[in-house]
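What follows is the content of my_file08.csv (CSV, C-alpha atoms and all ligand atoms).
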chain,number,residue,atom,x,y,z
A,24,MET,CA,58.7,54.5,60.1
A,25,SER,CA,57.1,57.4,62.0
A,26,THR,CA,57.0,60.6,60.0
A,27,LYS,CA,56.0,64.1,61.0
A,28,SER,CA,53.2,65.6,59.0
A,29,TYR,CA,50.4,68.2,59.1
A,30,ALA,CA,46.9,66.8,58.9
A,31,ALA,CA,43.3,67.7,59.0
A,32,LEU,CA,41.8,65.3,61.5
A,33,THR,CA,38.2,66.2,60.6
A,34,PRO,CA,36.6,68.3,57.9
A,35,THR,CA,36.3,71.2,60.3
A,36,SER,CA,39.6,71.0,62.1
A,37,PRO,CA,42.5,73.2,61.0
A,38,LEU,CA,45.6,71.4,59.9
A,39,ALA,CA,47.9,70.5,62.8
A,40,PRO,CA,50.9,68.4,63.6
A,41,HIS,CA,50.3,64.7,63.3
A,42,ALA,CA,52.4,61.5,63.1
A,43,ILE,CA,52.0,59.1,60.1
A,44,GLU,CA,53.7,55.9,59.1
A,45,ARG,CA,55.8,55.5,55.9
A,46,ARG,CA,56.8,52.1,54.7
A,47,GLU,CA,60.4,50.9,54.5
A,48,PRO,CA,61.6,51.3,50.9
A,49,LEU,CA,60.9,48.1,48.8
A,50,ALA,CA,63.1,47.1,45.9
A,51,THR,CA,61.7,49.6,43.4
A,52,ASP,CA,61.0,52.4,46.0
A,53,VAL,CA,62.7,55.7,46.4
A,54,GLU,CA,62.6,57.5,49.8
A,55,ILE,CA,62.5,61.2,49.4
A,56,ASP,CA,63.2,63.9,52.1
A,57,ILE,CA,60.6,66.5,51.1
A,58,LEU,CA,62.2,70.0,50.6
A,59,PHE,CA,59.2,71.8,49.1
A,60,CYS,CA,55.5,71.1,48.7
A,61,GLY,CA,53.1,73.3,46.7
A,62,VAL,CA,49.6,74.1,48.0
A,63,CYS,CA,46.8,73.2,45.6
A,64,HIS,CA,43.2,74.2,45.9
A,65,SER,CA,42.5,70.4,45.8
A,66,ASP,CA,44.3,70.2,49.1
A,67,LEU,CA,41.8,72.5,50.6
A,68,HIS,CA,38.8,70.8,49.0
A,69,THR,CA,40.0,67.5,50.4
A,70,ALA,CA,41.1,68.6,53.9
A,71,ARG,CA,37.7,70.2,54.3
A,72,GLY,CA,35.8,67.2,53.0
A,73,GLU,CA,34.2,69.2,50.2
A,74,TRP,CA,34.4,66.4,47.7
A,75,ALA,CA,32.7,62.9,48.0
A,76,GLY,CA,34.7,60.1,49.4
A,77,VAL,CA,37.2,61.9,51.6
A,78,VAL,CA,38.5,59.9,54.5
A,79,HIS,CA,40.1,61.7,57.5
A,80,PRO,CA,42.7,62.3,58.7
A,81,VAL,CA,43.9,64.0,55.5
A,82,VAL,CA,47.6,64.8,54.9
A,83,PRO,CA,47.4,66.9,51.7
A,84,GLY,CA,50.1,67.8,49.3
A,85,HIS,CA,50.9,66.6,45.8
A,86,GLU,CA,53.4,69.0,44.4
A,87,ILE,CA,56.5,67.4,46.0
A,88,VAL,CA,60.2,68.1,45.4
A,89,GLY,CA,62.8,66.6,47.6
A,90,ARG,CA,66.1,64.8,48.0
A,91,VAL,CA,66.5,61.1,47.7
A,92,THR,CA,67.7,59.6,51.0
A,93,ARG,CA,67.4,55.8,50.3
A,94,VAL,CA,66.7,53.7,47.2
A,95,GLY,CA,65.6,50.1,46.9
A,96,SER,CA,67.9,47.5,45.4
A,97,ALA,CA,66.2,47.6,41.9
A,98,VAL,CA,66.0,51.4,41.6
A,99,ARG,CA,67.7,52.7,38.4
A,100,LYS,CA,66.4,56.2,38.1
A,101,PHE,CA,68.0,57.8,41.2
A,102,LYS,CA,70.8,57.5,43.6
A,103,VAL,CA,71.0,58.8,47.2
A,104,GLY,CA,71.4,62.6,47.1
A,105,ASP,CA,69.6,63.2,43.8
A,106,ILE,CA,66.6,65.5,43.5
A,107,ALA,CA,63.3,63.7,42.8
A,108,ALA,CA,59.7,64.9,42.4
A,109,VAL,CA,56.3,63.4,43.0
A,110,GLY,CA,52.9,64.6,41.7
A,111,CYS,CA,49.3,63.6,42.2
A,112,MET,CA,49.8,59.8,41.8
A,113,VAL,CA,52.0,57.2,43.5
A,114,ASP,CA,50.8,54.1,41.7
A,115,SER,CA,48.2,52.6,39.3
A,116,CYS,CA,47.4,49.0,38.0
A,117,ARG,CA,50.0,49.5,35.2
A,118,THR,CA,48.2,46.7,33.2
A,119,CYS,CA,44.9,48.2,31.9
A,120,ASP,CA,44.6,49.8,28.5
A,121,ARG,CA,44.7,53.3,29.9
A,122,CYS,CA,47.9,52.6,31.9
A,123,LYS,CA,49.5,51.0,28.9
A,124,ARG,CA,48.7,54.2,26.9
A,125,ASN,CA,50.5,56.3,29.6
A,126,LEU,CA,47.2,57.6,30.9
A,127,GLU,CA,47.6,56.3,34.4
A,128,GLN,CA,45.5,59.2,35.7
A,129,PHE,CA,42.5,57.4,34.1
A,130,CYS,CA,43.5,53.9,35.3
A,131,ALA,CA,40.5,51.6,35.0
A,132,SER,CA,41.0,50.5,38.7
A,133,LEU,CA,41.7,54.2,39.6
A,134,PRO,CA,45.2,55.3,40.2
A,135,THR,CA,46.6,55.5,43.8
A,136,PHE,CA,46.5,59.2,44.4
A,137,THR,CA,49.3,60.7,46.5
A,138,TYR,CA,46.8,61.4,49.3
A,139,ASN,CA,43.4,60.1,50.2
A,140,SER,CA,43.6,56.9,48.2
A,141,PRO,CA,43.6,53.3,49.6
A,142,ASP,CA,47.2,52.5,50.5
A,143,LYS,CA,48.2,49.2,48.9
A,144,HIS,CA,51.1,48.7,51.2
A,145,LEU,CA,50.1,49.8,54.7
A,146,GLY,CA,46.3,49.7,54.5
A,147,GLY,CA,44.4,52.9,55.4
A,148,MET,CA,44.8,55.9,53.1
A,149,THR,CA,47.8,57.5,51.4
A,150,TYR,CA,49.2,60.6,52.9
A,151,GLY,CA,50.6,63.5,50.9
A,152,GLY,CA,53.5,65.9,50.9
A,153,TYR,CA,52.8,68.1,53.9
A,154,SER,CA,55.2,65.7,55.6
A,155,GLU,CA,58.9,65.1,56.2
A,156,ARG,CA,59.4,62.3,53.7
A,157,VAL,CA,57.6,60.1,51.3
A,158,VAL,CA,58.3,56.6,49.9
A,159,VAL,CA,57.2,56.1,46.2
A,160,ASP,CA,57.8,53.5,43.5
A,161,GLU,CA,60.3,55.0,41.1
A,162,ALA,CA,57.8,54.5,38.2
A,163,PHE,CA,55.8,57.4,39.7
A,164,THR,CA,58.7,59.7,40.3
A,165,LEU,CA,59.9,62.6,38.1
A,166,LYS,CA,63.2,64.3,37.4
A,167,VAL,CA,63.4,68.1,37.8
A,168,PRO,CA,65.6,69.8,35.1
A,169,ALA,CA,68.8,71.0,36.9
A,170,ASN,CA,68.3,74.6,35.8
A,171,LEU,CA,65.0,75.0,37.6
A,172,ASP,CA,64.6,76.5,41.1
A,173,LEU,CA,63.3,73.7,43.2
A,174,ALA,CA,60.7,75.7,45.2
A,175,ARG,CA,59.3,77.3,42.0
A,176,ALA,CA,59.3,74.0,40.2
A,177,ALA,CA,57.2,72.2,42.9
A,178,PRO,CA,53.8,73.4,41.6
A,179,LEU,CA,54.6,72.1,38.1
A,180,LEU,CA,53.8,68.7,39.5
A,181,CYS,CA,50.0,69.5,39.7
A,182,ALA,CA,49.2,73.1,38.5
A,183,GLY,CA,51.7,72.7,35.7
A,184,ILE,CA,50.7,69.3,34.3
A,185,THR,CA,46.9,70.0,34.8
A,186,THR,CA,47.1,72.9,32.5
A,187,TRP,CA,49.7,71.5,30.1
A,188,SER,CA,47.8,68.4,29.4
A,189,PRO,CA,44.6,70.0,28.0
A,190,LEU,CA,46.5,72.7,26.1
A,191,ARG,CA,48.5,69.9,24.3
A,192,LYS,CA,45.6,67.6,23.8
A,193,TRP,CA,43.4,70.3,22.3
A,194,GLY,CA,46.1,71.8,20.1
A,195,ALA,CA,47.1,75.2,21.7
A,196,GLY,CA,49.7,76.7,19.5
A,197,LYS,CA,50.4,79.3,16.8
A,198,GLY,CA,47.4,80.6,15.1
A,199,LYS,CA,45.0,79.6,17.9
A,200,LYS,CA,43.1,81.8,20.3
A,201,VAL,CA,43.2,80.3,23.7
A,202,GLY,CA,41.4,81.4,26.9
A,203,ILE,CA,42.4,80.7,30.5
A,204,VAL,CA,39.7,81.3,33.1
A,205,GLY,CA,40.9,82.2,36.6
A,206,LEU,CA,44.4,83.4,37.6
A,207,GLY,CA,45.3,81.2,40.5
A,208,GLY,CA,47.8,78.4,40.8
A,209,LEU,CA,46.5,76.5,37.7
A,210,GLY,CA,45.5,79.5,35.8
A,211,HIS,CA,48.9,81.3,36.0
A,212,MET,CA,50.6,78.2,34.6
A,213,GLY,CA,47.9,77.9,31.9
A,214,VAL,CA,48.7,81.5,30.8
A,215,LYS,CA,52.5,80.8,30.8
A,216,PHE,CA,52.1,77.6,28.8
A,217,ALA,CA,49.6,78.9,26.3
A,218,HIS,CA,51.9,81.8,25.6
A,219,ALA,CA,55.0,79.6,25.4
A,220,LEU,CA,53.2,77.3,22.9
A,221,GLY,CA,52.6,80.3,20.7
A,222,ALA,CA,48.8,80.8,21.1
A,223,HIS,CA,47.1,84.1,21.3
A,224,THR,CA,46.4,84.0,25.0
A,225,VAL,CA,43.5,85.6,26.8
A,226,LEU,CA,43.1,85.6,30.5
A,227,PHE,CA,39.6,85.8,32.1
A,228,THR,CA,39.7,87.0,35.7
A,229,THR,CA,37.2,88.3,38.3
A,230,SER,CA,40.1,90.3,40.0
A,231,LEU,CA,40.7,93.8,38.6
A,232,GLY,CA,44.0,93.8,40.5
A,233,LYS,CA,45.4,90.9,38.4
A,234,VAL,CA,45.3,92.6,35.0
A,235,ALA,CA,48.9,93.7,35.0
A,236,ASP,CA,50.1,90.4,36.3
A,237,GLY,CA,48.1,88.5,33.7
A,238,LYS,CA,50.0,90.4,31.0
A,239,ARG,CA,53.3,90.0,32.7
A,240,LEU,CA,52.7,86.2,32.9
A,241,GLY,CA,52.1,86.0,29.1
A,242,ALA,CA,48.5,87.0,28.3
A,243,ASP,CA,48.0,89.0,25.1
A,244,GLU,CA,44.7,90.3,26.5
A,245,VAL,CA,43.0,90.3,29.9
A,246,VAL,CA,39.2,90.3,30.1
A,247,ILE,CA,37.3,91.1,33.4
A,248,SER,CA,34.7,88.3,33.2
A,249,THR,CA,32.1,90.2,35.2
A,250,ASP,CA,32.0,92.9,32.4
A,251,ALA,CA,29.3,91.6,30.0
A,252,ASP,CA,30.4,94.0,27.2
A,253,ALA,CA,34.0,93.0,27.4
A,254,MET,CA,32.9,89.3,27.2
A,255,ALA,CA,30.5,89.9,24.3
A,256,ALA,CA,33.4,91.5,22.3
A,257,HIS,CA,34.9,88.0,22.1
A,258,ALA,CA,31.8,86.1,21.1
A,259,GLY,CA,32.4,83.1,18.8
A,260,SER,CA,36.2,83.7,18.5
A,261,PHE,CA,38.0,81.1,20.7
A,262,ASP,CA,39.5,77.8,19.6
A,263,LEU,CA,40.0,76.6,23.2
A,264,ILE,CA,39.1,77.7,26.7
A,265,VAL,CA,40.6,76.0,29.8
A,266,ASP,CA,38.5,76.8,32.9
A,267,THR,CA,40.4,76.6,36.2
A,268,VAL,CA,37.8,78.1,38.6
A,269,SER,CA,37.5,76.4,42.0
A,270,ALA,CA,34.0,77.7,42.9
A,271,ASP,CA,30.5,78.0,41.4
A,272,HIS,CA,30.3,80.2,38.3
A,273,GLY,CA,28.4,80.3,35.0
A,274,LEU,CA,29.8,78.3,32.1
A,275,ASP,CA,27.4,79.5,29.4
A,276,ALA,CA,29.1,82.9,29.2
A,277,TYR,CA,32.3,81.2,28.3
A,278,LEU,CA,30.8,78.6,25.9
A,279,ALA,CA,29.3,81.6,24.0
A,280,LEU,CA,32.9,82.7,23.2
A,281,LEU,CA,33.8,79.4,21.4
A,282,LYS,CA,33.9,79.1,17.6
A,283,LEU,CA,32.0,76.3,15.8
A,284,ASP,CA,33.5,72.9,17.0
A,285,ALA,CA,35.8,74.6,19.5
A,286,THR,CA,36.4,73.2,22.9
A,287,MET,CA,36.0,74.2,26.5
A,288,VAL,CA,37.9,72.1,29.0
A,289,LEU,CA,37.0,72.1,32.7
A,290,VAL,CA,39.9,71.5,35.1
A,291,GLY,CA,38.5,73.4,38.1
A,292,ALA,CA,36.6,71.1,40.4
A,293,PRO,CA,33.9,73.1,42.3
A,294,PRO,CA,32.2,70.7,44.8
A,295,LYS,CA,28.7,71.3,43.5
A,296,PRO,CA,27.4,70.3,40.0
A,297,GLN,CA,27.4,73.1,37.4
A,298,GLN,CA,24.6,74.0,35.1
A,299,VAL,CA,24.9,74.3,31.3
A,300,SER,CA,22.3,75.4,28.8
A,301,SER,CA,22.0,72.9,25.9
A,302,PHE,CA,21.7,76.0,23.6
A,303,SER,CA,25.2,77.0,24.5
A,304,LEU,CA,26.4,73.7,22.9
A,305,PHE,CA,24.5,73.8,19.7
A,306,PHE,CA,24.3,77.5,18.6
A,307,PRO,CA,26.8,76.7,17.1
A,308,ARG,CA,28.0,73.1,17.8
A,309,ARG,CA,30.7,73.1,20.6
A,310,ILE,CA,32.5,70.7,22.8
A,311,LEU,CA,32.5,70.8,26.6
A,312,THR,CA,34.9,68.3,28.2
A,313,GLY,CA,37.2,67.9,31.2
A,314,SER,CA,40.8,66.9,32.0
A,315,LEU,CA,42.5,65.3,35.0
A,316,ILE,CA,46.2,66.1,35.8
A,317,GLY,CA,48.3,64.1,33.2
A,318,GLY,CA,50.2,60.8,32.9
A,319,VAL,CA,53.7,60.2,34.3
A,320,ALA,CA,55.4,60.4,30.9
A,321,GLU,CA,53.4,63.6,30.0
A,322,THR,CA,54.4,65.1,33.3
A,323,GLN,CA,58.1,64.5,32.6
A,324,GLU,CA,57.6,66.0,29.1
A,325,MET,CA,56.1,69.1,30.7
A,326,LEU,CA,59.0,69.3,33.2
A,327,ASP,CA,61.5,69.0,30.4
A,328,PHE,CA,59.7,71.7,28.4
A,329,CYS,CA,60.0,73.9,31.4
A,330,GLY,CA,63.7,73.2,31.7
A,331,THR,CA,64.2,74.1,28.0
A,332,HIS,CA,62.1,77.3,28.2
A,333,ASP,CA,63.1,78.2,31.7
A,334,ILE,CA,59.5,78.2,33.0
A,335,THR,CA,58.7,78.0,36.7
A,336,CYS,CA,55.8,79.1,38.9
A,337,ASP,CA,55.3,82.4,40.6
A,338,ILE,CA,55.3,81.5,44.3
A,339,GLU,CA,55.0,82.8,47.8
A,340,THR,CA,57.0,80.6,50.2
A,341,ILE,CA,55.4,79.8,53.5
A,342,ARG,CA,56.1,77.9,56.7
A,343,ILE,CA,53.9,74.8,57.4
A,344,GLN,CA,52.7,76.6,60.5
A,345,ASP,CA,51.1,79.2,58.2
A,346,ILE,CA,49.1,76.7,56.1
A,347,ASN,CA,45.7,77.5,57.6
A,348,ALA,CA,46.1,81.2,56.9
A,349,ALA,CA,47.2,80.4,53.4
A,350,TYR,CA,44.0,78.4,52.8
A,351,GLU,CA,41.9,81.4,53.9
A,352,ARG,CA,43.9,83.6,51.5
A,353,MET,CA,43.4,81.1,48.7
A,354,LEU,CA,39.6,81.3,49.3
A,355,LYS,CA,39.8,85.1,48.8
A,356,ASN,CA,41.6,84.7,45.4
A,357,ASP,CA,44.7,86.2,47.1
A,358,VAL,CA,47.4,83.9,45.9
A,359,LYS,CA,50.3,85.2,43.8
A,360,TYR,CA,50.2,82.6,42.4
A,361,ARG,CA,51.0,79.5,44.4
A,362,PHE,CA,51.9,79.0,48.0
A,363,VAL,CA,54.8,76.6,48.4
A,364,ILE,CA,55.7,75.2,51.8
A,365,ASP,CA,59.4,75.2,52.8
A,366,MET,CA,59.3,71.9,54.5
A,367,ALA,CA,62.4,72.7,56.7
A,368,SER,CA,59.8,74.5,58.8
A,369,LEU,CA,58.3,71.1,59.8
A,370,LYS,CA,61.6,69.8,61.1
A,371,GLY,CA,62.9,73.0,62.9
A,401,LIG,N1,41.3,68.6,37.0
A,401,LIG,C1,42.4,68.4,37.7
A,401,LIG,O1,43.2,67.5,37.5
A,401,LIG,C2,42.8,69.4,38.8
A,401,LIG,C3,44.1,69.4,39.3
A,401,LIG,C4,44.4,70.4,40.2
A,401,LIG,C5,43.4,71.2,40.7
A,401,LIG,N2,42.1,71.1,40.2
A,401,LIG,C6,41.1,72.0,40.7
A,401,LIG,O2,41.2,73.2,40.0
A,401,LIG,C7,40.6,74.3,40.7
A,401,LIG,C8,41.6,75.4,40.8
A,401,LIG,O3,42.8,75.1,41.6
A,401,LIG,P1,43.9,76.1,41.9
A,401,LIG,O4,44.8,75.5,42.9
A,401,LIG,O5,44.4,76.8,40.7
A,401,LIG,O6,43.0,77.2,42.8
A,401,LIG,P2,43.3,78.7,43.1
A,401,LIG,O7,44.8,79.0,43.1
A,401,LIG,O8,42.5,79.0,44.3
A,401,LIG,O9,42.7,79.5,41.9
A,401,LIG,C9,41.4,79.5,41.5
A,401,LIG,C10,41.0,80.8,40.8
A,401,LIG,O10,39.7,80.7,40.4
A,401,LIG,C11,39.1,82.0,40.3
A,401,LIG,N3,37.9,82.0,41.2
A,401,LIG,C12,37.7,81.5,42.4
A,401,LIG,N4,36.5,81.6,42.9
A,401,LIG,C13,35.8,82.1,41.8
A,401,LIG,C14,34.4,82.4,41.6
A,401,LIG,N5,33.5,82.2,42.6
A,401,LIG,N6,34.0,82.9,40.4
A,401,LIG,C15,34.9,83.1,39.4
A,401,LIG,N7,36.2,82.8,39.6
A,401,LIG,C16,36.6,82.4,40.8
A,401,LIG,C17,40.1,83.0,40.9
A,401,LIG,O11,40.8,83.6,39.9
A,401,LIG,P3,40.6,85.2,39.5
A,401,LIG,O12,40.9,85.9,40.8
A,401,LIG,O13,41.5,85.4,38.4
A,401,LIG,O14,39.1,85.3,39.1
A,401,LIG,C18,41.0,82.1,41.7
A,401,LIG,O15,42.3,82.6,41.8
A,401,LIG,C19,40.3,73.7,42.1
A,401,LIG,O16,38.9,73.4,42.1
A,401,LIG,C20,41.1,72.4,42.1
A,401,LIG,O17,40.6,71.4,43.0
A,401,LIG,C21,41.8,70.2,39.3
A,402,ZN,ZN,46.5,69.7,42.7
A,403,ZN,ZN,45.5,50.8,35.1
Could you spell out this file's structure in C-alpha cells?
Amino acid sequence: MSTKSYAALTPTSPLAPHAIERREPLATDVEIDILFCGVCHSDLHTARGEWAGVVHPVVPGHEIVGRVTRVGSAVRKFKVGDIAAVGCMVDSCRTCDRCKRNLEQFCASLPTFTYNSPDKHLGGMTYGGYSERVVVDEAFTLKVPANLDLARAAPLLCAGITTWSPLRKWGAGKGKKVGIVGLGGLGHMGVKFAHALGAHTVLFTTSLGKVADGKRLGADEVVISTDADAMAAHAGSFDLIVDTVSADHGLDAYLALLKLDATMVLVGAPPKPQQVSSFSLFFPRRILTGSLIGGVAETQEMLDFCGTHDITCDIETIRIQDINAAYERMLKNDVKYRFVIDMASLKG
C-alpha cells in the first residue's frame, strides 16, 4: 500500500515528501500508524551517505512509537488500538547462534535494519519511521509501559537501548565510576541510566552551556573535555567510559582516564576511522570495545526499567517539515536532547 514518507533521494538532497510501498500485513505482522519518531544522528549519517553501503532513496527513522491499526491472524502480542514500538531492527535470521542468544543485532546474516537494509518481502531496501505507517513482524515489536509519555519514550528505541546495553554488559552500578562522552541524544540517556543504575556518573562535554543540564540529568560531575587539567585530574580512575560522539575526536585522552583492565566502549559512529595509540592500551592494560544497539529482549528489559523508574527522554518536538533544520542544529550540538517528529504533521 502506498505510504507517505520523507526521504533523501540522494546524499546531497534535503529530505522531502516521497511515496513508498508497505506490504499488506502477513500472519505474524503488525501494522502500526506512526505517532512519533525520534531523530537519531544515524539518520543523518545515512541520509547524507556518510557511511559505506547506503542506498538511496533513504527514509530514515528507527525510534518509532505508534498505534496498531491491523494485525495478522497469528499475532498474539497486540490487538488493534494498542500502542506498539519499533527500534532499529525489523527482522533477523532467528536461527543463528547469535539470534538464539537474543543478540539479533549481531545476527550472522546481518539483521534487517529498520531502514537501508535489503527488504525480504518487497525487494529493494527497507524504509524507516519518517512515514505514516510501518508493517513489522510482531517478534521485532516492543511494548511501551503505560505510564510513559509516548513522544518522550520514542528515543528509548535507539538512544535508550544503545546506552543501556553497554552499561549493563560492562557492569555500571553502585561503587563504579562511569563516564559518558557527549551530551546528545545517546549521551543524555547514558547519563540518566548510569545514574539510575547507581554509578558515580561523570559527563564529558565540549559544550560549556551543557554543564547545568548534565547535572540535572544525573551527572555527579561534569568535565569540559577540552580542558586538559580537568581531564588529567581524573587520570586512571574510571571503571567504564561510554563514548557517544558522532564526529572525529581523540580517544587517547579518554583511555588515559581508565583504571587497569577498565573498559571504554565506542557507540558513536564517526564516518572516518579513528586513531588510537597502542601505549594508551598498555600503560596500564585497558580494553577498547564497541557496542551496537541491543537485542529485542534487552530492549524490552530497558523499556520496562524505564517504566518502573519513570525514565524518559528530554525532547524537542518538531514537525516533519522542519527535519532539515533539525539536522543542521544536530550538527551544531544544539539538541536538547532529542528531536522527536510528531508524525501528525505528515498527514495534515
Ligand atoms: N552503536 C550504535 O548502535 C549506535 C546507535 C545509535 C547511534 N549511534 C551513533 O552514535 C553517535 C551519536 O548519536 P546521537 O544521536 O547521540 O548524536 P547527537 O545527538 O548529535 O550527539 C552527539 C554529541 O557528540 C558530541 N560531539 C559532536 N561532535 C563532536 C566533536 N567534533 N568533538 C567532540 N564531541 C562532539 C556533542 O556533545 P557535547 O556537546 O556534549 O560535546 C554532541 O551533542 C552517532 O555517530 C550515531 O550514528 C550508534
Ligand atoms: Zn539510532
Ligand atoms: Zn541470526
Restrict the calculation to all atoms listed in the file, then for each residue of chain A with any atom at most 8 Å from an atom of ligand ZN 403 (chain A) give the closest atom pair and their distance in Å to one decimal, rows by chain and rising residue number, as a tab-separated table.
residue	atom	partner	partner_atom	distance
A:Ser115	CA	A:ZN403	ZN	5.3
A:Cys116	CA	A:ZN403	ZN	3.9
A:Arg117	CA	A:ZN403	ZN	4.7
A:Thr118	CA	A:ZN403	ZN	5.3
A:Cys119	CA	A:ZN403	ZN	4.2
A:Asp120	CA	A:ZN403	ZN	6.7
A:Arg121	CA	A:ZN403	ZN	5.8
A:Cys122	CA	A:ZN403	ZN	4.4
A:Lys123	CA	A:ZN403	ZN	7.4
A:Glu127	CA	A:ZN403	ZN	5.9
A:Phe129	CA	A:ZN403	ZN	7.3
A:Cys130	CA	A:ZN403	ZN	3.7
A:Ala131	CA	A:ZN403	ZN	5.1
A:Ser132	CA	A:ZN403	ZN	5.8
A:Leu133	CA	A:ZN403	ZN	6.8
A:Pro134	CA	A:ZN403	ZN	6.8
Open item on the list: Excluding region 96-112 of chain A and its own-chain neighbours fewer than 4 positions away, which residues fall within 6 Å of it when counting only C-alpha atoms? Please give them as a PyMOL selection string.
Closed with: chain A and resi 50-51+85-92+135-137+164-166+180
- [ ] Enumerate residues in contact with ligand ZN 402 (chain A): an atom-to-atom distance of at most 8 Å, counting all atoms listed in the file. Format the result as a ChimeraX atom specification.
- [x] /A:62-66,84-86,111,181-182,185,316
Using 8 Å as the limit and counting all atoms listed in the file, can you tabulate each residue of chain A that touches ligand LIG 401 (chain A), with its shortest atom-to-atom distance in Å and the two atoms involved, as a tab-separated table?
residue	atom	partner	partner_atom	distance
A:Val62	CA	A:LIG401	O4	7.1
A:Cys63	CA	A:LIG401	O4	4.1
A:His64	CA	A:LIG401	O4	3.6
A:Ser65	CA	A:LIG401	O17	3.5
A:Asp66	CA	A:LIG401	O17	7.2
A:Leu67	CA	A:LIG401	O17	7.8
A:His68	CA	A:LIG401	O17	6.3
A:Cys181	CA	A:LIG401	C4	5.7
A:Ala182	CA	A:LIG401	C4	5.8
A:Thr185	CA	A:LIG401	O1	5.2
A:Val204	CA	A:LIG401	O13	6.9
A:Gly205	CA	A:LIG401	O11	3.6
A:Leu206	CA	A:LIG401	O13	3.6
A:Gly207	CA	A:LIG401	O9	3.4
A:Gly208	CA	A:LIG401	O5	3.8
A:Leu209	CA	A:LIG401	O5	3.7
A:Gly210	CA	A:LIG401	O5	5.7
A:His211	CA	A:LIG401	O5	7.9
A:Phe227	CA	A:LIG401	O13	6.6
A:Thr228	CA	A:LIG401	O13	3.6
A:Thr229	CA	A:LIG401	O14	3.6
A:Ser230	CA	A:LIG401	O12	4.5
A:Lys233	CA	A:LIG401	O13	6.7
A:Ser248	CA	A:LIG401	O14	7.9
A:Thr267	CA	A:LIG401	C8	4.9
A:Val268	CA	A:LIG401	O10	3.7
A:Ser269	CA	A:LIG401	O16	3.3
A:Ala270	CA	A:LIG401	N5	4.5
A:Asp271	CA	A:LIG401	N5	5.3
A:His272	CA	A:LIG401	N6	5.0
A:Leu289	CA	A:LIG401	N1	7.0
A:Val290	CA	A:LIG401	N1	3.7
A:Gly291	CA	A:LIG401	O2	3.3
A:Ala292	CA	A:LIG401	O16	3.7
A:Pro293	CA	A:LIG401	O16	5.0
A:Pro294	CA	A:LIG401	O16	7.7
A:Gly313	CA	A:LIG401	N1	7.1
A:Ser314	CA	A:LIG401	N1	5.3
A:Leu315	CA	A:LIG401	O1	3.4
A:Ile316	CA	A:LIG401	O1	3.7
A:Gly317	CA	A:LIG401	O1	7.5
A:Met353	CA	A:LIG401	O8	5.0
A:Leu354	CA	A:LIG401	O8	6.2
A:Lys355	CA	A:LIG401	N4	7.6
A:Asn356	CA	A:LIG401	O15	4.2
A:Asp357	CA	A:LIG401	O15	6.8
A:Val358	CA	A:LIG401	O7	6.2
A:Tyr360	CA	A:LIG401	O7	6.5
A:Arg361	CA	A:LIG401	O7	6.4
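Using only C-alpha atoms, the residues found no farther than 9 Å from region 43-47 of chain A, other than those of its own chain fewer than 2 positions away, are A:Met24, A:Ser25, A:Thr26, A:Lys27, A:Ser28, A:His41, A:Leu49, A:Asp52, A:Glu54, A:Val82, A:His144, A:Leu145, A:Tyr150, A:Ser154, A:Arg156, A:Val157, A:Val158.
Counting from CA of Pro80 (chain A), the distance to CA of Ile341 (chain A) is 22.2 Å.
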Open item on the list: Need the shell around Leu281 (chain A): protein/DNA/RNA residues with any atom at most 9 Å away, counting all atoms listed in the file. Skip same-chain ones fewer than 6 positions apart. Format as a PyMOL selection string?
Closed with: chain A and resi 257-264+287+307+309-310
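You will find CA of Trp187 (chain A) at 6.7 Å from CA of Phe216 (chain A).
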Near region 334-340 of chain A, 10 Å: region 37-134 of chain A residue rows, closest pairs, all atoms listed in the file, as CSV:
residue,atom,partner,partner_atom,distance
A:Phe59,CA,A:Thr340,CA,9.1
A:Cys60,CA,A:Thr340,CA,9.7
A:Gly61,CA,A:Ile338,CA,8.8
Open item on the list: Just checking: using only C-alpha atoms, which residue out of A:Thr286, A:Thr322, A:Ser300, A:Gln128 ends up closest to Asp266 (chain A)?
Closed with: A:Thr286
Open item on the list: Show me, as an MDAnalysis selection string, the residues that have an atom within 10 Å of Gly194 (chain A) when counting only C-alpha atoms, minus same-chain residues fewer than 4 positions from it.
Closed with: chainID A and resid 189:190 199 201 220 222 262:263
Identify, on the basis of all atoms listed in the file, every residue whose closest approach to Ala242 (chain A) does not exceed 9 Å; exclude the query and any residue fewer than 6 positions from it along the same chain; express the result as an mmCIF file with C-alpha atoms, keeping the file's coordinate frame.
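Contents of the output file result_18.cif:
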data_model
loop_
_atom_site.group_PDB
_atom_site.id
_atom_site.type_symbol
_atom_site.label_atom_id
_atom_site.label_comp_id
_atom_site.auth_asym_id
_atom_site.auth_seq_id
_atom_site.Cartn_x
_atom_site.Cartn_y
_atom_site.Cartn_z
ATOM 1 C CA VAL A 214 48.700 81.500 30.800
ATOM 2 C CA LYS A 215 52.500 80.800 30.800
ATOM 3 C CA ALA A 217 49.600 78.900 26.300
ATOM 4 C CA HIS A 218 51.900 81.800 25.600
ATOM 5 C CA HIS A 223 47.100 84.100 21.300
ATOM 6 C CA THR A 224 46.400 84.000 25.000
ATOM 7 C CA VAL A 225 43.500 85.600 26.800
ATOM 8 C CA LEU A 226 43.100 85.600 30.500
ATOM 9 C CA ASP A 236 50.100 90.400 36.300
#
Task: A:Leu126, A:Ala169, A:Leu179, A:Val245 ranked by distance to Thr331 (chain A), top pick (using only C-alpha atoms) - done: A:Ala169
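The nearest approach to Thr249 (chain A) among the residues A:Arg191, A:Leu58, A:Gly273, A:Thr35, with only C-alpha atoms taken into account, belongs to A:Gly273.
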Task: Gap from CA of Asn125 (chain A) to CA of Ala320 (chain A) - Å, one decimal - done: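 Taking CA of Asn125 (chain A) as the start and CA of Ala320 (chain A) as the end point, the length is 6.5 Å.
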Task: Distance criterion (only C-alpha atoms): nearest to Phe328 (chain A) out of A:Thr33, A:Pro48, A:Val363, A:Ala219 - done: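 Going through A:Thr33, A:Pro48, A:Val363, A:Ala219 one by one, the smallest distance to Phe328 (chain A) is for A:Ala219.
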- [ ] In the coordinates of the file, take the point (64.7, 70.2, 30.5) and a cut-off of 8 Å; then, counting all atoms listed in the file, name each qualifying protein, DNA or RNA residue as a list in words.
- [x]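 Protein and nucleic acid residues near the point are Val167, Pro168, Ala169, Asn170, Leu326, Asp327, Phe328, Cys329, Gly330, Thr331 and His332 of chain A.
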- [ ] Would you mind telling me which residue in A:Leu231, A:Val113, A:Met254, A:Ile55 lies nearest to Tyr138 (chain A) when using all atoms listed in the file?
- [x] A:Val113
